[in-house]
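**Student:** This is coords_21.cif, which holds mmCIF, C-alpha atoms:
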data_final
loop_
_atom_site.group_PDB
_atom_site.id
_atom_site.type_symbol
_atom_site.label_atom_id
_atom_site.label_comp_id
_atom_site.auth_asym_id
_atom_site.auth_seq_id
_atom_site.Cartn_x
_atom_site.Cartn_y
_atom_site.Cartn_z
ATOM 1 C CA MET A 18 0.000 0.000 0.000
ATOM 2 C CA THR A 19 1.343 3.429 -0.926
ATOM 3 C CA ASP A 20 1.444 6.331 1.513
ATOM 4 C CA GLU A 21 -1.327 8.044 -0.454
ATOM 5 C CA GLU A 22 -3.528 4.941 -0.253
ATOM 6 C CA ALA A 23 -2.929 4.698 3.495
ATOM 7 C CA ARG A 24 -4.026 8.326 3.967
ATOM 8 C CA ALA A 25 -7.130 7.712 1.833
ATOM 9 C CA ALA A 26 -7.961 4.600 3.872
ATOM 10 C CA LEU A 27 -7.801 6.558 7.122
ATOM 11 C CA GLN A 28 -10.005 9.283 5.638
ATOM 12 C CA ARG A 29 -12.608 6.668 4.658
ATOM 13 C CA LEU A 30 -12.662 5.304 8.195
ATOM 14 C CA ILE A 31 -13.078 8.803 9.583
ATOM 15 C CA ASP A 32 -15.989 9.477 7.223
ATOM 16 C CA GLU A 33 -17.656 6.118 7.891
ATOM 17 C CA ARG A 34 -17.473 6.446 11.679
ATOM 18 C CA GLY A 35 -18.203 10.171 11.960
ATOM 19 C CA GLU A 36 -14.864 10.900 13.601
ATOM 20 C CA ASP A 37 -12.989 14.203 13.605
ATOM 21 C CA TYR A 38 -9.318 14.997 13.069
ATOM 22 C CA ALA A 39 -8.770 16.748 16.377
ATOM 23 C CA GLY A 40 -10.263 13.923 18.435
ATOM 24 C CA LEU A 41 -8.085 11.329 16.756
ATOM 25 C CA SER A 42 -5.037 13.533 17.188
ATOM 26 C CA ARG A 43 -5.724 13.737 20.927
ATOM 27 C CA LEU A 44 -6.096 9.948 20.989
ATOM 28 C CA LEU A 45 -2.529 9.749 19.695
ATOM 29 C CA GLY A 46 -1.258 12.337 22.164
ATOM 30 C CA ARG A 47 -0.500 14.740 19.309
ATOM 31 C CA ASN A 48 -1.412 18.342 18.587
ATOM 32 C CA PRO A 49 -5.006 18.813 17.346
ATOM 33 C CA ALA A 50 -3.968 19.343 13.708
ATOM 34 C CA TYR A 51 -1.746 16.260 13.472
ATOM 35 C CA VAL A 52 -4.146 13.859 11.729
ATOM 36 C CA GLN A 53 -5.510 16.533 9.386
ATOM 37 C CA GLN A 54 -1.986 17.481 8.325
ATOM 38 C CA TYR A 55 -1.087 13.843 7.766
ATOM 39 C CA ILE A 56 -4.104 13.279 5.512
ATOM 40 C CA LYS A 57 -4.329 16.616 3.724
ATOM 41 C CA ARG A 58 -0.672 17.638 3.474
ATOM 42 C CA GLY A 59 1.183 14.364 3.778
ATOM 43 C CA SER A 60 3.058 15.613 6.821
ATOM 44 C CA PRO A 61 4.277 13.352 8.244
ATOM 45 C CA ARG A 62 4.638 11.268 5.108
ATOM 46 C CA ARG A 63 3.662 8.142 6.980
ATOM 47 C CA LEU A 64 2.363 7.411 10.470
ATOM 48 C CA ALA A 65 4.663 6.248 13.194
ATOM 49 C CA GLU A 66 4.195 2.547 13.858
ATOM 50 C CA GLU A 67 2.697 3.107 17.305
ATOM 51 C CA ASP A 68 0.285 5.764 15.967
ATOM 52 C CA ARG A 69 -0.882 3.442 13.196
ATOM 53 C CA ARG A 70 -1.312 0.570 15.655
ATOM 54 C CA ARG A 71 -3.335 2.719 18.036
ATOM 55 C CA LEU A 72 -5.619 3.956 15.267
ATOM 56 C CA ALA A 73 -6.147 0.418 13.992
ATOM 57 C CA ARG A 74 -7.080 -0.755 17.482
ATOM 58 C CA TYR A 75 -9.429 2.182 17.939
ATOM 59 C CA PHE A 76 -11.248 1.549 14.651
ATOM 60 C CA GLY A 77 -11.203 -2.209 15.140
ATOM 61 C CA VAL A 78 -9.484 -2.950 11.827
ATOM 62 C CA ASP A 79 -6.379 -4.845 10.782
ATOM 63 C CA GLU A 80 -3.292 -2.662 10.790
ATOM 64 C CA LYS A 81 -2.751 -3.613 7.152
ATOM 65 C CA ARG A 82 -5.740 -1.471 6.231
ATOM 66 C CA LEU A 83 -3.780 1.608 7.314
ATOM 67 C CA GLY A 84 -0.559 0.644 5.574
ATOM 68 C CA GLY A 85 0.959 -1.648 8.187
ATOM 69 C CA ARG A 86 2.161 -5.201 7.814
ATOM 70 C CA GLY A 87 -1.130 -6.621 9.036
ATOM 71 C CA GLY A 88 -2.017 -9.025 11.783
ATOM 72 C CA GLU A 89 -0.903 -6.642 14.516
ATOM 73 C CA ALA A 90 -3.483 -3.916 14.882
ATOM 74 C CA GLY A 91 -6.119 -4.548 17.413
ATOM 75 C CA GLY A 92 -5.750 -8.082 16.289
ATOM 76 C CA PRO A 93 -7.560 -9.226 13.163
ATOM 77 C CA GLY A 94 -11.249 -9.650 13.740
ATOM 78 C CA MET A 95 -11.683 -7.022 16.457
ATOM 79 C CA VAL A 96 -15.356 -6.059 16.432
ATOM 80 C CA PRO A 97 -16.328 -2.357 16.496
ATOM 81 C CA ILE A 98 -19.512 -1.558 18.447
ATOM 82 C CA ALA A 99 -21.263 1.759 17.831
ATOM 83 C CA ARG A 100 -21.714 4.276 20.628
ATOM 84 C CA LEU A 101 -25.110 5.894 20.079
ATOM 85 C CA GLU A 102 -25.929 9.492 20.871
ATOM 86 C CA VAL A 103 -28.783 8.618 23.207
ATOM 87 C CA GLY A 104 -28.867 8.472 26.958
ATOM 88 C CA VAL A 105 -30.659 6.129 29.328
ATOM 89 C CA SER A 106 -32.326 6.851 32.680
ATOM 90 C CA ALA A 107 -33.198 10.497 32.157
ATOM 91 C CA GLY A 108 -33.139 11.209 28.417
ATOM 92 C CA ALA A 109 -35.361 10.652 25.445
ATOM 93 C CA GLY A 110 -34.219 8.541 22.554
ATOM 94 C CA ALA A 111 -34.609 5.224 20.818
ATOM 95 C CA PHE A 112 -32.564 2.458 19.318
ATOM 96 C CA ALA A 113 -33.615 2.899 15.724
ATOM 97 C CA ASP A 114 -32.195 2.986 12.255
ATOM 98 C CA GLY A 115 -30.616 6.346 11.618
ATOM 99 C CA GLU A 116 -29.482 6.988 15.188
ATOM 100 C CA ARG A 117 -26.303 8.995 14.896
ATOM 101 C CA ALA A 118 -23.317 6.991 16.053
ATOM 102 C CA ARG A 119 -20.388 8.416 17.954
ATOM 103 C CA PRO A 120 -16.915 6.863 17.733
ATOM 104 C CA HIS A 121 -16.926 3.075 17.926
ATOM 105 C CA ILE A 122 -15.222 0.929 20.545
ATOM 106 C CA ALA A 123 -13.637 -2.317 19.333
ATOM 107 C CA PHE A 124 -13.886 -5.519 21.365
ATOM 108 C CA ASP A 125 -12.357 -8.956 21.099
ATOM 109 C CA PRO A 126 -14.967 -11.234 19.445
ATOM 110 C CA THR A 127 -14.282 -14.129 21.820
ATOM 111 C CA TRP A 128 -14.966 -11.876 24.804
ATOM 112 C CA LEU A 129 -18.152 -10.551 23.189
ATOM 113 C CA ARG A 130 -19.458 -14.064 22.595
ATOM 114 C CA ARG A 131 -18.813 -14.870 26.248
ATOM 115 C CA ILE A 132 -20.804 -11.977 27.682
ATOM 116 C CA ALA A 133 -23.495 -11.361 25.041
ATOM 117 C CA SER A 134 -25.909 -13.595 23.193
ATOM 118 C CA GLY A 135 -26.605 -11.089 20.422
ATOM 119 C CA THR A 136 -24.567 -10.697 17.261
ATOM 120 C CA PRO A 137 -22.460 -7.506 16.962
ATOM 121 C CA ASP A 138 -25.180 -5.740 14.949
ATOM 122 C CA LEU A 139 -27.479 -6.174 17.972
ATOM 123 C CA LEU A 140 -25.023 -4.598 20.409
ATOM 124 C CA SER A 141 -24.896 -0.876 21.185
ATOM 125 C CA ILE A 142 -23.136 1.350 23.670
ATOM 126 C CA VAL A 143 -25.073 4.181 25.312
ATOM 127 C CA ALA A 144 -24.412 6.563 28.174
ATOM 128 C CA VAL A 145 -26.153 6.469 31.549
ATOM 129 C CA GLN A 146 -27.799 9.686 32.664
ATOM 130 C CA GLY A 147 -28.801 10.328 36.249
ATOM 131 C CA ASP A 148 -28.201 8.572 39.557
ATOM 132 C CA SER A 149 -31.131 6.165 39.836
ATOM 133 C CA MET A 150 -28.897 3.087 39.450
ATOM 134 C CA ILE A 151 -26.128 4.112 41.862
ATOM 135 C CA PRO A 152 -24.026 2.282 43.045
ATOM 136 C CA THR A 153 -24.230 -0.209 40.171
ATOM 137 C CA LEU A 154 -24.196 2.445 37.431
ATOM 138 C CA ASN A 155 -23.090 6.048 37.781
ATOM 139 C CA ASP A 156 -24.032 9.109 35.766
ATOM 140 C CA GLY A 157 -21.821 9.139 32.669
ATOM 141 C CA ASP A 158 -21.062 5.418 32.652
ATOM 142 C CA GLU A 159 -21.177 3.743 29.257
ATOM 143 C CA ILE A 160 -23.077 0.473 29.045
ATOM 144 C CA LEU A 161 -23.116 -2.283 26.449
ATOM 145 C CA VAL A 162 -26.710 -3.235 25.653
ATOM 146 C CA ASP A 163 -27.488 -6.607 24.084
ATOM 147 C CA ARG A 164 -30.669 -6.133 22.041
ATOM 148 C CA GLY A 165 -30.587 -9.833 21.161
ATOM 149 C CA ASP A 166 -31.270 -10.580 24.826
ATOM 150 C CA SER A 167 -34.585 -8.908 25.521
ATOM 151 C CA ALA A 168 -38.208 -9.793 26.263
ATOM 152 C CA ASP A 169 -38.201 -13.329 24.881
ATOM 153 C CA ARG A 170 -35.325 -14.316 27.214
ATOM 154 C CA LEU A 171 -36.260 -12.093 30.150
ATOM 155 C CA ARG A 172 -34.773 -13.008 33.534
ATOM 156 C CA ASP A 173 -33.535 -11.192 36.615
ATOM 157 C CA GLY A 174 -30.983 -8.540 35.720
ATOM 158 C CA VAL A 175 -30.377 -4.960 34.552
ATOM 159 C CA TYR A 176 -32.156 -3.920 31.358
ATOM 160 C CA VAL A 177 -32.789 -0.887 29.185
ATOM 161 C CA LEU A 178 -36.528 -0.266 28.805
ATOM 162 C CA ARG A 179 -38.513 2.132 26.667
ATOM 163 C CA ILE A 180 -41.410 3.855 28.404
ATOM 164 C CA ASP A 181 -43.314 6.551 26.489
ATOM 165 C CA GLU A 182 -40.357 6.909 24.086
ATOM 166 C CA VAL A 183 -37.986 7.524 26.985
ATOM 167 C CA LEU A 184 -35.138 5.089 27.595
ATOM 168 C CA ILE A 185 -34.485 4.066 31.182
ATOM 169 C CA VAL A 186 -32.141 1.533 32.753
ATOM 170 C CA LYS A 187 -33.599 -0.456 35.638
ATOM 171 C CA ARG A 188 -33.273 -3.721 37.494
ATOM 172 C CA LEU A 189 -35.919 -6.332 36.694
ATOM 173 C CA ALA A 190 -36.973 -9.213 38.924
ATOM 174 C CA ILE A 191 -39.327 -11.892 37.593
ATOM 175 C CA ASN A 192 -42.103 -13.298 39.785
ATOM 176 C CA PRO A 193 -42.424 -16.865 38.456
ATOM 177 C CA SER A 194 -45.707 -17.538 40.230
ATOM 178 C CA ASN A 195 -47.757 -15.005 38.264
ATOM 179 C CA ARG A 196 -45.312 -14.012 35.479
ATOM 180 C CA THR A 197 -45.174 -10.390 36.523
ATOM 181 C CA VAL A 198 -42.019 -8.337 36.835
ATOM 182 C CA SER A 199 -40.842 -5.814 39.411
ATOM 183 C CA ILE A 200 -38.962 -2.770 38.120
ATOM 184 C CA SER A 201 -36.615 -1.116 40.582
ATOM 185 C CA SER A 202 -33.725 1.292 40.909
ATOM 186 C CA ASP A 203 -30.562 0.324 42.781
ATOM 187 C CA ASN A 204 -30.646 3.767 44.393
ATOM 188 C CA PRO A 205 -33.171 3.415 47.267
ATOM 189 C CA ALA A 206 -34.144 7.073 46.900
ATOM 190 C CA TYR A 207 -36.092 6.191 43.762
ATOM 191 C CA PRO A 208 -39.441 4.355 43.851
ATOM 192 C CA GLY A 209 -40.004 1.070 42.065
ATOM 193 C CA TRP A 210 -42.932 -0.535 40.266
ATOM 194 C CA PRO A 211 -43.862 -3.968 41.643
ATOM 195 C CA ASP A 212 -45.890 -6.628 39.831
ATOM 196 C CA CYS A 213 -45.940 -5.102 36.365
ATOM 197 C CA ASP A 214 -47.578 -6.987 33.508
ATOM 198 C CA LEU A 215 -44.906 -8.366 31.203
ATOM 199 C CA SER A 216 -46.924 -7.427 28.134
ATOM 200 C CA ALA A 217 -46.841 -3.768 29.171
ATOM 201 C CA ILE A 218 -43.029 -3.569 29.226
ATOM 202 C CA ASP A 219 -40.988 -2.668 26.149
ATOM 203 C CA VAL A 220 -37.620 -4.293 26.822
ATOM 204 C CA VAL A 221 -34.866 -2.921 24.581
ATOM 205 C CA GLY A 222 -32.057 -5.168 25.775
ATOM 206 C CA ARG A 223 -29.995 -6.513 28.634
ATOM 207 C CA VAL A 224 -27.047 -4.560 30.046
ATOM 208 C CA VAL A 225 -24.031 -6.897 29.840
ATOM 209 C CA TRP A 226 -21.069 -4.576 30.471
ATOM 210 C CA ALA A 227 -20.322 -1.150 31.899
ATOM 211 C CA GLY A 228 -17.302 1.096 31.594
ATOM 212 C CA ARG A 229 -16.453 4.249 33.481
ATOM 213 C CA ARG A 230 -13.726 6.784 34.025
ATOM 214 C CA ILE A 231 -11.940 6.307 37.328
#
Rewrite the structure of this file - the entire thing - as structure tokens.

**Tutor:**
Amino acid sequence: MTDEEARAALQRLIDERGEDYAGLSRLLGRNPAYVQQYIKRGSPRRLAEEDRRRLARYFGVDEKRLGGRGGEAGGPGMVPIARLEVGVSAGAGAFADGERARPHIAFDPTWLRRIASGTPDLLSIVAVQGDSMIPTLNDGDEILVDRGDSADRLRDGVYVLRIDEVLIVKRLAINPSNRTVSISSDNPAYPGWPDCDLSAIDVVGRVVWAGRRI
């Protein structure tokens, strides 16, 4: 791959994922104009090996796609999962076609298969808003939601629900005797809803992972 082809490949990834030059430059620990200058001006002529490897890991692609030798990036087969610009707990929104995606996060496929039943296209990352699920989930945490694990496989656990077009994250507990479900917050300051009819609940997906800044 020529240097020009490598720059064009990075530009395509940026366009596809809705990234920006300055954000990627900060990811590399460079000045905000670094990536733009590399793509538009060819300065530097080629990326440093560590910069290329970090970008490949971030985008979840083989390093070869960005002009490297291949097989080193984030490891071939890393799976990028979209981070959607919707919030759960205190914000409106919906998992729907056309939701604007923020930068992706790439995960090892073996790890994803271990924690989630859904295929990658049924996984999304969204941000938690509010404190109703403290201490389990904090405001600003990012959660991985498995939309392939929803109402038809419902069991005790933490789920994202849609109520009146608002997304909330709550803990569900199934009552096997009458097939109702209790909806509760982990923060005791918030009220819960006991014995809800299962048919009245719109379950978006199960929360299978959470990440936060320490």

**Student:** So that I can see what lies close to Leu27 in chain A, please list as a list in words the residues with an atom at most 9 Å from it, counting all atoms listed in the file and leaving out residues fewer than 6 positions away in the same chain.

**Tutor:** Ile56, Leu72, Arg82 and Leu83 of chain A

**Student:** Using the chain letters and numbering of this document, enumerate as a count of residues only the residues selected by the PyMOL selection byres ((chain A and resi 155-161) around 6).

**Tutor:** 17

**Student:** I need the residue set behind the PyMOL selection byres ((chain A and resi 202) around 7) for this file; please write it as a CSV table (one decimal) with C-alpha atoms, keeping the file's coordinate frame.

**Tutor:**
chain,number,residue,atom,x,y,z
A,149,SER,CA,-31.1,6.2,39.8
A,150,MET,CA,-28.9,3.1,39.4
A,187,LYS,CA,-33.6,-0.5,35.6
A,188,ARG,CA,-33.3,-3.7,37.5
A,201,SER,CA,-36.6,-1.1,40.6
A,203,ASP,CA,-30.6,0.3,42.8
A,204,ASN,CA,-30.6,3.8,44.4
A,205,PRO,CA,-33.2,3.4,47.3
A,207,TYR,CA,-36.1,6.2,43.8
A,209,GLY,CA,-40.0,1.1,42.1

**Student:** Ranking A:Met18, A:Leu101, A:Leu140, A:Ile200 by minimum distance to Arg172 in chain A and counting all atoms listed in the file, which one comes first?

**Tutor:** A:Ile200

**Student:** Just to confirm, what's the straight-line distance from CA of Arg230 in chain A to CA of Thr127 in chain A in Å (one decimal)?

**Tutor:**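 Calculated distance between CA of Arg230 in chain A and CA of Thr127 in chain A is 24.2 Å.
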
**Student:** Quick one: residues within 9 Å of Glu21 in chain A, only C-alpha atoms, excluding same-chain residues fewer than 3 positions away - as a PyMOL selection string?

**Tutor:** chain A and resi 18+24-26+56+59+62-63

**Student:** Take the selection from the previous step and output its residues with C-alpha atoms, as a CSV table (one decimal), keeping the file's coordinate frame.

**Tutor:**
chain,number,residue,atom,x,y,z
A,18,MET,CA,0.0,0.0,0.0
A,24,ARG,CA,-4.0,8.3,4.0
A,25,ALA,CA,-7.1,7.7,1.8
A,26,ALA,CA,-8.0,4.6,3.9
A,56,ILE,CA,-4.1,13.3,5.5
A,59,GLY,CA,1.2,14.4,3.8
A,62,ARG,CA,4.6,11.3,5.1
A,63,ARG,CA,3.7,8.1,7.0

**Student:** Skipping near chain neighbours, those fewer than 3 positions away, what residues fall within 9 Å of Asp138 in chain A using only C-alpha atoms, listed as a ChimeraX atom specification?

**Tutor:** /A:98-99,135,141,164

**Student:** Just checking: using all atoms listed in the file, which residue out of A:Asn48, A:Tyr176, A:Leu41, A:Gly35 ends up closest to Arg100 in chain A?

**Tutor:**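 Under the stated criterion, the closest residue is A:Gly35.
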